[in-house]
Amino acid sequence: MASMTAEGTHDLVSANLVAGTFVFNREGEKLGSIEDLILEKETGQVAYVLLSFGGFLGMGERCFPVPWRALSFDDARDAYVVDLTKESLEKAPRCHANACEPLRDHTRHQEIYTYYGVSPLW
């Protein structure tokens, strides 16, 4: 994993450094890593990260859209943190086959943001 500080400042970071960054829960368990960022087309704001979880050598991985607002950055870990247990992540809304097609539905957005307890971008 590339260092988040290599191409970023305290408030800004290059998108290519976010992909591949690990995500932990508050208890310090590694939940997975960020595969991609999903932007809101009109504003350019980051709506979601796609969190890859589980699997081995790319097989059996599951992909979860996690609202950007649900993450916080932990400088000590050089990673993102989200308030989830592994069990609650297993039950979270997911993308199928790393595809974001379901994210085009407004109702689906509301379901995802509600699950994580954050307000939507709109």
# chains A, B, ... in the order shown; residues from 1 in each chain; ligands from 1
call {"tool": "residues_around", "arguments": {"residues": "region 78-94 of chain A", "least_positions_apart": "3", "cutoff": "8 Å", "atoms": "only C-alpha atoms", "output": "list in words"}}
result
Ser3, Met4, Thr21, Phe22, Val23, Phe24, Asn25, Arg26, Leu31, Arg62, Cys63, Phe64, Pro65, Ala70, Leu71, Ser72, Phe73, Asp74, Asp75, Glu111, Ile112 and Tyr115 of chain A
call {"tool": "closest_residue", "arguments": {"among": "A:Gly117, A:Val18, A:Phe53, A:Ala47", "to": "Gly32 (chain A)", "atoms": "only C-alpha atoms"}}
result
A:Phe53
call {"tool": "residues_around", "arguments": {"residues": "Gln45 (chain A)", "least_positions_apart": "5", "cutoff": "10 Å", "atoms": "only C-alpha atoms", "output": "MDAnalysis selection string"}}
result
chainID A and resid 37:40 68 121
call {"tool": "write_last_selection", "arguments": {"atoms": "C-alpha atoms", "output": "PDB file, in the first residue's frame"}}
result
ATOM      1  CA  LEU A  37     -14.211   5.582  -5.484  1.00  0.00           C
ATOM      2  CA  ILE A  38     -17.695   6.355  -6.803  1.00  0.00           C
ATOM      3  CA  LEU A  39     -18.264  10.036  -7.551  1.00  0.00           C
ATOM      4  CA  GLU A  40     -21.503  11.971  -7.742  1.00  0.00           C
ATOM      5  CA  TRP A  68     -17.589   8.245   2.074  1.00  0.00           C
ATOM      6  CA  LEU A 121     -25.368  13.796  -0.520  1.00  0.00           C
TER       7      LEU A 121
END
call {"tool": "atom_distance", "arguments": {"atom1": "CA of Val118 (chain A)", "atom2": "CA of Leu50 (chain A)"}}
result
16.3 Å
